[in-house]
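Below is the file protein_33.pdb, which contains PDB, C-alpha atoms.
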MODEL        1
ATOM      1  CA  MET F1489      19.954-165.425 259.370  1.00  0.00           C
ATOM      2  CA  TYR F1490      16.286-164.838 258.581  1.00  0.00           C
ATOM      3  CA  VAL F1491      13.560-165.110 261.207  1.00  0.00           C
ATOM      4  CA  ALA F1492      10.331-166.756 260.023  1.00  0.00           C
ATOM      5  CA  THR F1493       7.333-164.476 260.492  1.00  0.00           C
ATOM      6  CA  LYS F1494       4.660-165.788 262.830  1.00  0.00           C
ATOM      7  CA  LEU F1495       1.275-165.351 261.138  1.00  0.00           C
ATOM      8  CA  ILE F1496      -0.946-164.056 263.931  1.00  0.00           C
ATOM      9  CA  TYR F1497      -3.917-163.491 261.592  1.00  0.00           C
ATOM     10  CA  GLN F1498      -4.128-167.250 261.030  1.00  0.00           C
ATOM     11  CA  GLN F1499      -4.865-167.693 264.735  1.00  0.00           C
ATOM     12  CA  ASP F1500      -7.174-164.684 265.100  1.00  0.00           C
ATOM     13  CA  SER F1501      -8.427-162.848 262.009  1.00  0.00           C
ATOM     14  CA  TYR F1502     -10.255-160.305 264.196  1.00  0.00           C
ATOM     15  CA  LEU F1503      -7.163-158.933 265.945  1.00  0.00           C
ATOM     16  CA  ARG F1504      -6.863-155.298 264.843  1.00  0.00           C
ATOM     17  CA  GLU F1505      -3.760-154.231 266.789  1.00  0.00           C
ATOM     18  CA  TYR F1506      -0.606-156.039 267.805  1.00  0.00           C
ATOM     19  CA  GLU F1507       2.871-155.330 269.146  1.00  0.00           C
ATOM     20  CA  SER F1508       5.737-156.852 267.209  1.00  0.00           C
ATOM     21  CA  THR F1509       9.531-156.739 267.029  1.00  0.00           C
ATOM     22  CA  LEU F1510      11.552-155.586 264.015  1.00  0.00           C
ATOM     23  CA  THR F1511      13.906-158.338 262.805  1.00  0.00           C
ATOM     24  CA  ARG F1512      15.393-156.484 259.819  1.00  0.00           C
ATOM     25  CA  LEU F1513      14.671-153.743 257.296  1.00  0.00           C
ATOM     26  CA  THR F1514      15.842-152.667 253.887  1.00  0.00           C
ATOM     27  CA  GLY F1515      14.738-149.289 252.547  1.00  0.00           C
ATOM     28  CA  ASP F1516      10.960-149.176 252.719  1.00  0.00           C
ATOM     29  CA  LEU F1517      10.563-152.900 253.515  1.00  0.00           C
ATOM     30  CA  LEU F1518      10.187-153.924 257.159  1.00  0.00           C
ATOM     31  CA  PHE F1519      10.240-157.451 258.573  1.00  0.00           C
ATOM     32  CA  PHE F1520       8.933-158.507 261.992  1.00  0.00           C
ATOM     33  CA  ASP F1521       8.934-161.584 264.205  1.00  0.00           C
ATOM     34  CA  ALA F1522       5.128-161.714 263.936  1.00  0.00           C
ATOM     35  CA  THR F1523       2.385-159.936 261.997  1.00  0.00           C
ATOM     36  CA  ILE F1524      -1.365-159.385 261.892  1.00  0.00           C
ATOM     37  CA  PHE F1525      -1.045-158.155 258.279  1.00  0.00           C
ATOM     38  CA  HIS F1526      -2.143-160.665 255.650  1.00  0.00           C
ATOM     39  CA  PRO F1527       0.195-160.659 252.620  1.00  0.00           C
ATOM     40  CA  ARG F1528      -1.234-161.030 249.154  1.00  0.00           C
ATOM     41  CA  SER F1529      -1.560-164.799 248.749  1.00  0.00           C
ATOM     42  CA  GLY F1530      -4.021-167.416 247.586  1.00  0.00           C
ATOM     43  CA  GLY F1531      -5.725-164.861 245.349  1.00  0.00           C
ATOM     44  CA  VAL F1532      -6.653-162.668 248.350  1.00  0.00           C
ATOM     45  CA  ASP F1533      -5.410-159.065 248.347  1.00  0.00           C
ATOM     46  CA  HIS F1534      -3.051-157.765 251.036  1.00  0.00           C
ATOM     47  CA  ASP F1535      -3.938-155.809 254.142  1.00  0.00           C
ATOM     48  CA  LYS F1536      -3.108-152.152 254.691  1.00  0.00           C
ATOM     49  CA  GLY F1537      -2.792-150.088 257.846  1.00  0.00           C
ATOM     50  CA  TYR F1538      -0.149-148.445 260.013  1.00  0.00           C
ATOM     51  CA  ILE F1539       2.708-149.086 262.348  1.00  0.00           C
ATOM     52  CA  ILE F1540       3.341-146.756 265.252  1.00  0.00           C
ATOM     53  CA  VAL F1541       6.931-146.465 266.416  1.00  0.00           C
ATOM     54  CA  ASN F1542       8.435-143.855 268.752  1.00  0.00           C
ATOM     55  CA  GLY F1543       5.195-141.894 268.521  1.00  0.00           C
ATOM     56  CA  GLU F1544       5.317-141.736 264.709  1.00  0.00           C
ATOM     57  CA  LYS F1545       2.555-143.189 262.521  1.00  0.00           C
ATOM     58  CA  VAL F1546       3.873-144.838 259.329  1.00  0.00           C
ATOM     59  CA  GLU F1547       1.513-146.158 256.657  1.00  0.00           C
ATOM     60  CA  VAL F1548       1.777-149.789 255.490  1.00  0.00           C
ATOM     61  CA  VAL F1549       0.866-149.693 251.800  1.00  0.00           C
ATOM     62  CA  GLU F1550       1.652-153.248 250.662  1.00  0.00           C
ATOM     63  CA  VAL F1551       2.305-156.638 252.273  1.00  0.00           C
ATOM     64  CA  PHE F1552       3.795-159.611 250.465  1.00  0.00           C
ATOM     65  CA  ILE F1553       5.802-162.781 251.020  1.00  0.00           C
ATOM     66  CA  ASN F1554       9.536-162.574 250.350  1.00  0.00           C
ATOM     67  CA  LYS F1555       9.948-165.574 248.047  1.00  0.00           C
ATOM     68  CA  ASP F1556      13.650-165.918 248.850  1.00  0.00           C
ATOM     69  CA  THR F1557      13.282-166.097 252.642  1.00  0.00           C
ATOM     70  CA  GLY F1558       9.604-166.867 253.297  1.00  0.00           C
ATOM     71  CA  GLU F1559       9.308-163.761 255.498  1.00  0.00           C
ATOM     72  CA  VAL F1560       6.383-161.352 255.324  1.00  0.00           C
ATOM     73  CA  ALA F1561       7.520-157.990 253.939  1.00  0.00           C
ATOM     74  CA  HIS F1562       5.714-154.803 255.025  1.00  0.00           C
ATOM     75  CA  LYS F1563       6.206-151.996 252.521  1.00  0.00           C
ATOM     76  CA  VAL F1564       5.808-148.573 254.143  1.00  0.00           C
ATOM     77  CA  SER F1565       5.020-145.231 252.520  1.00  0.00           C
ATOM     78  CA  LYS F1566       8.544-143.902 253.091  1.00  0.00           C
ATOM     79  CA  PRO F1567      11.939-145.383 254.023  1.00  0.00           C
ATOM     80  CA  ILE F1568      12.624-145.256 257.759  1.00  0.00           C
ATOM     81  CA  SER F1569      15.651-146.024 259.892  1.00  0.00           C
ATOM     82  CA  LEU F1570      15.142-148.222 262.945  1.00  0.00           C
ATOM     83  CA  PRO F1571      17.427-150.547 264.885  1.00  0.00           C
ATOM     84  CA  VAL F1572      16.684-154.264 264.837  1.00  0.00           C
ATOM     85  CA  GLY F1573      14.778-155.187 267.975  1.00  0.00           C
ATOM     86  CA  THR F1574      12.594-152.071 267.925  1.00  0.00           C
ATOM     87  CA  ARG F1575       9.071-152.717 269.202  1.00  0.00           C
ATOM     88  CA  VAL F1576       6.255-151.336 267.043  1.00  0.00           C
ATOM     89  CA  ARG F1577       2.477-151.326 267.244  1.00  0.00           C
ATOM     90  CA  MET F1578       0.647-152.636 264.190  1.00  0.00           C
ATOM     91  CA  ILE F1579      -2.812-151.264 263.371  1.00  0.00           C
ATOM     92  CA  LEU F1580      -4.954-152.770 260.620  1.00  0.00           C
ATOM     93  CA  ASP F1581      -7.211-150.925 258.205  1.00  0.00           C
ATOM     94  CA  TRP F1582     -10.098-152.919 259.643  1.00  0.00           C
ATOM     95  CA  ASP F1583     -12.740-151.935 257.088  1.00  0.00           C
ATOM     96  CA  ARG F1584     -10.523-153.243 254.294  1.00  0.00           C
ATOM     97  CA  ARG F1585      -9.676-156.463 256.184  1.00  0.00           C
ATOM     98  CA  TYR F1586     -13.263-157.235 257.148  1.00  0.00           C
ATOM     99  CA  LYS F1587     -14.503-156.812 253.571  1.00  0.00           C
ATOM    100  CA  LEU F1588     -11.770-159.204 252.394  1.00  0.00           C
ATOM    101  CA  MET F1589     -12.807-161.704 255.081  1.00  0.00           C
ATOM    102  CA  ARG F1590     -16.472-161.570 254.078  1.00  0.00           C
ATOM    103  CA  LEU F1591     -15.668-161.961 250.382  1.00  0.00           C
ATOM    104  CA  HIS F1592     -13.187-164.761 251.068  1.00  0.00           C
ATOM    105  CA  THR F1593     -15.703-166.851 253.000  1.00  0.00           C
ATOM    106  CA  ALA F1594     -18.347-166.085 250.364  1.00  0.00           C
ATOM    107  CA  ALA F1595     -15.969-167.399 247.697  1.00  0.00           C
ATOM    108  CA  HIS F1596     -15.561-170.670 249.620  1.00  0.00           C
ATOM    109  CA  ILE F1597     -19.329-171.127 249.785  1.00  0.00           C
ATOM    110  CA  LEU F1598     -19.785-170.348 246.098  1.00  0.00           C
ATOM    111  CA  SER F1599     -17.024-172.772 245.109  1.00  0.00           C
ATOM    112  CA  ALA F1600     -18.682-175.474 247.215  1.00  0.00           C
ATOM    113  CA  VAL F1601     -22.044-174.868 245.511  1.00  0.00           C
ATOM    114  CA  MET F1602     -20.479-174.906 242.052  1.00  0.00           C
ATOM    115  CA  TYR F1603     -18.686-178.170 242.831  1.00  0.00           C
ATOM    116  CA  THR F1604     -21.567-180.050 244.465  1.00  0.00           C
ATOM    117  CA  GLU F1605     -24.279-178.827 242.088  1.00  0.00           C
ATOM    118  CA  TYR F1606     -22.395-178.664 238.781  1.00  0.00           C
ATOM    119  CA  GLY F1607     -19.089-180.494 239.283  1.00  0.00           C
ATOM    120  CA  ALA F1608     -17.150-177.293 238.574  1.00  0.00           C
ATOM    121  CA  LEU F1609     -13.678-176.593 239.933  1.00  0.00           C
ATOM    122  CA  ILE F1610     -11.978-173.216 240.289  1.00  0.00           C
ATOM    123  CA  SER F1611      -9.311-172.475 237.674  1.00  0.00           C
ATOM    124  CA  GLY F1612      -8.471-168.973 238.912  1.00  0.00           C
ATOM    125  CA  GLY F1613      -9.715-166.126 241.065  1.00  0.00           C
ATOM    126  CA  ASN F1614      -9.017-162.872 242.836  1.00  0.00           C
ATOM    127  CA  ILE F1615     -10.401-161.082 245.894  1.00  0.00           C
ATOM    128  CA  THR F1616     -10.141-157.318 246.436  1.00  0.00           C
ATOM    129  CA  PRO F1617     -11.972-155.222 249.049  1.00  0.00           C
ATOM    130  CA  ASP F1618     -14.529-154.082 246.459  1.00  0.00           C
ATOM    131  CA  TYR F1619     -15.309-157.269 244.568  1.00  0.00           C
ATOM    132  CA  ALA F1620     -14.121-160.775 243.799  1.00  0.00           C
ATOM    133  CA  TYR F1621     -14.169-163.117 240.846  1.00  0.00           C
ATOM    134  CA  ASP F1622     -13.708-166.830 240.325  1.00  0.00           C
ATOM    135  CA  ASP F1623     -13.172-168.800 237.127  1.00  0.00           C
ATOM    136  CA  TYR F1624     -15.041-172.102 236.944  1.00  0.00           C
ATOM    137  CA  THR F1625     -14.369-175.171 234.829  1.00  0.00           C
ATOM    138  CA  ILE F1626     -17.751-175.354 233.140  1.00  0.00           C
ATOM    139  CA  GLU F1627     -17.868-175.872 229.368  1.00  0.00           C
ATOM    140  CA  LYS F1628     -21.000-173.936 228.468  1.00  0.00           C
ATOM    141  CA  PHE F1629     -21.371-170.275 229.367  1.00  0.00           C
ATOM    142  CA  ASP F1630     -24.635-169.997 231.303  1.00  0.00           C
ATOM    143  CA  LYS F1631     -25.359-166.798 233.231  1.00  0.00           C
ATOM    144  CA  GLU F1632     -28.532-168.278 234.722  1.00  0.00           C
ATOM    145  CA  LEU F1633     -26.540-171.167 236.202  1.00  0.00           C
ATOM    146  CA  LEU F1634     -24.230-168.699 237.946  1.00  0.00           C
ATOM    147  CA  LEU F1635     -27.192-166.691 239.235  1.00  0.00           C
ATOM    148  CA  ARG F1636     -28.699-169.871 240.679  1.00  0.00           C
ATOM    149  CA  ALA F1637     -25.375-170.656 242.350  1.00  0.00           C
ATOM    150  CA  ILE F1638     -25.412-167.264 244.073  1.00  0.00           C
ATOM    151  CA  GLU F1639     -28.993-167.851 245.182  1.00  0.00           C
ATOM    152  CA  LYS F1640     -28.044-171.218 246.699  1.00  0.00           C
ATOM    153  CA  ALA F1641     -24.955-169.691 248.330  1.00  0.00           C
ATOM    154  CA  ASN F1642     -27.077-166.976 249.947  1.00  0.00           C
ATOM    155  CA  GLU F1643     -29.352-169.646 251.398  1.00  0.00           C
ATOM    156  CA  ILE F1644     -26.264-171.130 253.093  1.00  0.00           C
ATOM    157  CA  VAL F1645     -25.135-167.687 254.291  1.00  0.00           C
ATOM    158  CA  LYS F1646     -28.476-167.151 256.054  1.00  0.00           C
ATOM    159  CA  ARG F1647     -28.075-170.394 258.009  1.00  0.00           C
ATOM    160  CA  ASP F1648     -25.537-168.650 260.264  1.00  0.00           C
ATOM    161  CA  LEU F1649     -23.102-171.571 260.159  1.00  0.00           C
ATOM    162  CA  GLU F1650     -19.851-171.564 262.118  1.00  0.00           C
ATOM    163  CA  VAL F1651     -16.636-171.245 260.114  1.00  0.00           C
ATOM    164  CA  LYS F1652     -14.173-173.582 261.818  1.00  0.00           C
ATOM    165  CA  ILE F1653     -10.386-173.105 261.706  1.00  0.00           C
ATOM    166  CA  TYR F1654      -8.019-175.884 262.778  1.00  0.00           C
ATOM    167  CA  TRP F1655      -4.751-177.596 261.877  1.00  0.00           C
ATOM    168  CA  LEU F1656      -4.204-181.183 260.765  1.00  0.00           C
ATOM    169  CA  PRO F1657      -1.079-183.235 260.068  1.00  0.00           C
ATOM    170  CA  ARG F1658      -0.346-183.107 256.346  1.00  0.00           C
ATOM    171  CA  GLU F1659      -0.925-186.799 255.685  1.00  0.00           C
ATOM    172  CA  GLU F1660      -4.251-186.754 257.523  1.00  0.00           C
ATOM    173  CA  ALA F1661      -5.399-183.612 255.680  1.00  0.00           C
ATOM    174  CA  LEU F1662      -4.537-185.113 252.299  1.00  0.00           C
ATOM    175  CA  LYS F1663      -7.127-187.847 252.913  1.00  0.00           C
ATOM    176  CA  ILE F1664     -10.005-185.329 253.036  1.00  0.00           C
ATOM    177  CA  PRO F1665     -11.943-185.252 249.733  1.00  0.00           C
ATOM    178  CA  GLY F1666     -11.967-181.833 248.136  1.00  0.00           C
ATOM    179  CA  ILE F1667      -8.689-180.471 249.494  1.00  0.00           C
ATOM    180  CA  VAL F1668      -6.235-182.946 247.990  1.00  0.00           C
ATOM    181  CA  LYS F1669      -5.633-181.026 244.756  1.00  0.00           C
ATOM    182  CA  LEU F1670      -4.998-177.801 246.634  1.00  0.00           C
ATOM    183  CA  ALA F1671      -2.898-179.410 249.337  1.00  0.00           C
ATOM    184  CA  GLU F1672      -0.622-181.132 246.827  1.00  0.00           C
ATOM    185  CA  ARG F1673       0.516-177.737 245.560  1.00  0.00           C
ATOM    186  CA  MET F1674       1.789-176.764 248.990  1.00  0.00           C
ATOM    187  CA  PRO F1675       5.501-177.041 249.829  1.00  0.00           C
ATOM    188  CA  PRO F1676       6.358-180.560 251.048  1.00  0.00           C
ATOM    189  CA  GLU F1677       8.114-179.187 254.160  1.00  0.00           C
ATOM    190  CA  ILE F1678       4.774-178.022 255.610  1.00  0.00           C
ATOM    191  CA  LYS F1679       3.941-180.666 258.200  1.00  0.00           C
ATOM    192  CA  GLU F1680       0.561-179.263 259.249  1.00  0.00           C
ATOM    193  CA  LEU F1681      -2.132-177.710 257.095  1.00  0.00           C
ATOM    194  CA  ARG F1682      -4.574-175.046 258.200  1.00  0.00           C
ATOM    195  CA  ILE F1683      -8.115-176.209 257.470  1.00  0.00           C
ATOM    196  CA  VAL F1684     -11.138-173.961 256.967  1.00  0.00           C
ATOM    197  CA  GLU F1685     -14.397-175.875 257.353  1.00  0.00           C
ATOM    198  CA  ILE F1686     -18.006-174.820 257.013  1.00  0.00           C
ATOM    199  CA  PRO F1687     -19.708-177.957 258.372  1.00  0.00           C
ATOM    200  CA  GLY F1688     -21.808-179.742 255.790  1.00  0.00           C
ATOM    201  CA  VAL F1689     -20.831-177.239 253.103  1.00  0.00           C
ATOM    202  CA  ASP F1690     -17.107-177.003 252.445  1.00  0.00           C
ATOM    203  CA  VAL F1691     -13.657-177.968 253.720  1.00  0.00           C
ATOM    204  CA  GLN F1692     -10.412-176.573 252.289  1.00  0.00           C
ATOM    205  CA  ALA F1693      -6.762-176.141 253.152  1.00  0.00           C
ATOM    206  CA  ASP F1694      -6.461-172.381 253.328  1.00  0.00           C
ATOM    207  CA  GLY F1695      -4.160-169.812 254.919  1.00  0.00           C
ATOM    208  CA  GLY F1696      -6.207-166.632 254.704  1.00  0.00           C
ATOM    209  CA  PRO F1697      -8.547-164.707 257.039  1.00  0.00           C
ATOM    210  CA  HIS F1698     -12.246-165.615 257.297  1.00  0.00           C
ATOM    211  CA  VAL F1699     -15.328-164.566 259.246  1.00  0.00           C
ATOM    212  CA  LYS F1700     -16.500-166.674 262.197  1.00  0.00           C
ATOM    213  CA  LYS F1701     -20.128-167.084 261.051  1.00  0.00           C
ATOM    214  CA  THR F1702     -21.593-167.218 257.543  1.00  0.00           C
ATOM    215  CA  SER F1703     -24.212-164.622 258.501  1.00  0.00           C
ATOM    216  CA  GLU F1704     -21.423-162.018 258.745  1.00  0.00           C
ATOM    217  CA  ILE F1705     -21.106-162.181 254.952  1.00  0.00           C
ATOM    218  CA  GLY F1706     -24.396-160.341 254.551  1.00  0.00           C
ATOM    219  CA  GLU F1707     -25.638-160.941 251.005  1.00  0.00           C
ATOM    220  CA  ILE F1708     -23.643-162.156 248.010  1.00  0.00           C
ATOM    221  CA  VAL F1709     -24.463-159.927 245.032  1.00  0.00           C
ATOM    222  CA  PHE F1710     -23.979-160.767 241.346  1.00  0.00           C
ATOM    223  CA  ILE F1711     -21.980-158.172 239.384  1.00  0.00           C
ATOM    224  CA  LYS F1712     -21.418-159.779 235.991  1.00  0.00           C
ATOM    225  CA  ALA F1713     -20.361-162.968 234.198  1.00  0.00           C
ATOM    226  CA  GLU F1714     -17.857-163.390 231.375  1.00  0.00           C
ATOM    227  CA  ASN F1715     -16.826-166.192 229.057  1.00  0.00           C
ATOM    228  CA  LYS F1716     -13.029-166.344 229.283  1.00  0.00           C
ATOM    229  CA  GLY F1717     -12.686-169.427 227.099  1.00  0.00           C
ATOM    230  CA  LYS F1718     -12.777-173.192 227.461  1.00  0.00           C
ATOM    231  CA  ASN F1719     -13.412-174.287 231.050  1.00  0.00           C
ATOM    232  CA  LYS F1720     -13.017-170.702 232.235  1.00  0.00           C
ATOM    233  CA  LYS F1721     -16.334-169.019 232.986  1.00  0.00           C
ATOM    234  CA  ARG F1722     -15.827-165.992 235.220  1.00  0.00           C
ATOM    235  CA  LEU F1723     -18.245-164.838 237.913  1.00  0.00           C
ATOM    236  CA  TYR F1724     -17.826-161.386 239.467  1.00  0.00           C
ATOM    237  CA  PHE F1725     -19.531-160.780 242.793  1.00  0.00           C
ATOM    238  CA  THR F1726     -19.473-158.619 245.897  1.00  0.00           C
ATOM    239  CA  VAL F1727     -21.160-158.572 249.312  1.00  0.00           C
ATOM    240  CA  LYS F1728     -23.396-156.099 251.044  1.00  0.00           C
ATOM    241  CA  PRO F1729     -24.770-155.934 254.642  1.00  0.00           C
TER     242      PRO F1729
ENDMDL
END

As structure tokens, what does this structure read like?
Amino acid sequence: MYVATKLIYQQDSYLREYESTLTRLTGDLLFFDATIFHPRSGGVDHDKGYIIVNGEKVEVVEVFINKDTGEVAHKVSKPISLPVGTRVRMILDWDRRYKLMRLHTAAHILSAVMYTEYGALISGGNITPDYAYDDYTIEKFDKELLLRAIEKANEIVKRDLEVKIYWLPREEALKIPGIVKLAERMPPEIKELRIVEIPGVDVQADGGPHVKKTSEIGEIVFIKAENKGKNKKRLYFTVKP
């Protein structure tokens, strides 16, 4: 019997350490009753860090969702042998996590600007600790348009807006304009959706970590733009303090 992993990072993205219980392991993959490690999902890269068990520090090199069981798998740098029920201490690579958080919230703001100003939707994207990119459904490739979008997004960042996290019943969430398309792709057994809202700017169903205030993003910086084909104009960006 598999034990569903409680996603602690969805409650508190700023928690850097946490004690958890091993539910099973296979080779270099460890599974726990709860985790502060964000698995690669929703286009956002996975966390890294360490677990400390019996005084030994073991590196967590990859985190992903086991598609067969829905558990969060923690891949460690070497196979270890531990009995089920062992208590471990999880420690995040905080610099990596915080950069992902800042870029993730920046991506939400940019997508909101592109939608409200130009009617563009996101057709793909990826967020790493160093940079992010999003593909937008605009027909004509226009670098200046994308530069203006970043300028408008930075104006929002400077307003120091709160980033609200809350849960809503599925049916209620589906009524909110702007999240319906995303929410419909979620498994039907999910009864409550996690909502990320930047008041007056954006609201989305989203499971990943975010900053608490837009000012934490710093400054969104243009890297480059590419024409990836019809309705797929790619914007690369990063953030700096």

Ref. answer, residues at most 10 Å from (-22.8, -153.7, 239.5) with all atoms listed in the file, as JSON, numbers by chain: {"F": [1619, 1709, 1710, 1711, 1712, 1724, 1725, 1726]}

Long-range neighbours of F:Val1576 as an NGL selection string, 12 Å cut-off, only C-alpha atoms, 3 positions minimum in chain: :F and (1505-1511 or 1518-1523 or 1538-1546 or 1570-1573 or 1579)

Selected residues, C-alpha atoms, written as an mmCIF file, in the coordinates of the input, please.
data_model
loop_
_atom_site.group_PDB
_atom_site.id
_atom_site.type_symbol
_atom_site.label_atom_id
_atom_site.label_comp_id
_atom_site.auth_asym_id
_atom_site.auth_seq_id
_atom_site.Cartn_x
_atom_site.Cartn_y
_atom_site.Cartn_z
ATOM 1 C CA GLU F 1505 -3.760 -154.231 266.789
ATOM 2 C CA TYR F 1506 -0.606 -156.039 267.805
ATOM 3 C CA GLU F 1507 2.871 -155.330 269.146
ATOM 4 C CA SER F 1508 5.737 -156.852 267.209
ATOM 5 C CA THR F 1509 9.531 -156.739 267.029
ATOM 6 C CA LEU F 1510 11.552 -155.586 264.015
ATOM 7 C CA THR F 1511 13.906 -158.338 262.805
ATOM 8 C CA LEU F 1518 10.187 -153.924 257.159
ATOM 9 C CA PHE F 1519 10.240 -157.451 258.573
ATOM 10 C CA PHE F 1520 8.933 -158.507 261.992
ATOM 11 C CA ASP F 1521 8.934 -161.584 264.205
ATOM 12 C CA ALA F 1522 5.128 -161.714 263.936
ATOM 13 C CA THR F 1523 2.385 -159.936 261.997
ATOM 14 C CA TYR F 1538 -0.149 -148.445 260.013
ATOM 15 C CA ILE F 1539 2.708 -149.086 262.348
ATOM 16 C CA ILE F 1540 3.341 -146.756 265.252
ATOM 17 C CA VAL F 1541 6.931 -146.465 266.416
ATOM 18 C CA ASN F 1542 8.435 -143.855 268.752
ATOM 19 C CA GLY F 1543 5.195 -141.894 268.521
ATOM 20 C CA GLU F 1544 5.317 -141.736 264.709
ATOM 21 C CA LYS F 1545 2.555 -143.189 262.521
ATOM 22 C CA VAL F 1546 3.873 -144.838 259.329
ATOM 23 C CA LEU F 1570 15.142 -148.222 262.945
ATOM 24 C CA PRO F 1571 17.427 -150.547 264.885
ATOM 25 C CA VAL F 1572 16.684 -154.264 264.837
ATOM 26 C CA GLY F 1573 14.778 -155.187 267.975
ATOM 27 C CA ILE F 1579 -2.812 -151.264 263.371
#

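Picture a line from atom CA of F:Ile1705 to atom CA of F:Val1548; it runs 26.0 Å.
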
Cut-off 12 Å around (-24.1, -179.4, 239.6) with all atoms listed in the file: residues as a list in words: Leu1598, Ser1599, Ala1600, Val1601, Met1602, Tyr1603, Thr1604, Glu1605, Tyr1606, Gly1607, Ala1608, Leu1609, Tyr1624, Thr1625, Ile1626, Leu1633, Leu1634, Arg1636, Ala1637 and Lys1640 of chain F

Taking all atoms of stretch 1655-1661 of chain F that the file lists and extending 4 Å past them on each side, where is the centre of the axis-aligned box and how long are its edges? Answer in Å to one decimal, as AutoDock Vina command-line options.
--center_x -2.9 --center_y -182.2 --center_z 258.8 --size_x 13.1 --size_y 17.2 --size_z 14.2

Evaluate the PyMOL selection byres ((chain F and resi 1584) around 12) and report residues as a ChimeraX atom specification: /F:1504,1525-1526,1532-1537,1580-1583,1585-1591,1615-1619,1697

Nearby residues (only C-alpha atoms) at most 8 Å from F:Ser1703, same-chain spacing under 5 positions excluded, as a list of chain:residue names: F:Val1645, F:Lys1646, F:Arg1647, F:Asp1648, F:Leu1649

Pairwise distance for atom CA of F:Lys1652 and atom CA of F:Val1560, rounded to one decimal in Å: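 Spanning atom CA of F:Lys1652 to atom CA of F:Val1560 is a straight-line distance of 24.8 Å.
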
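Across F:Asp1622, F:Asp1516, F:Glu1627, F:Glu1707, the tightest approach to F:Asn1642 is made by F:Glu1707 when counting only C-alpha atoms.
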
Between atom CA of F:Gly1530 and atom CA of F:Gly1613, distance in Å (one decimal): 8.8 Å
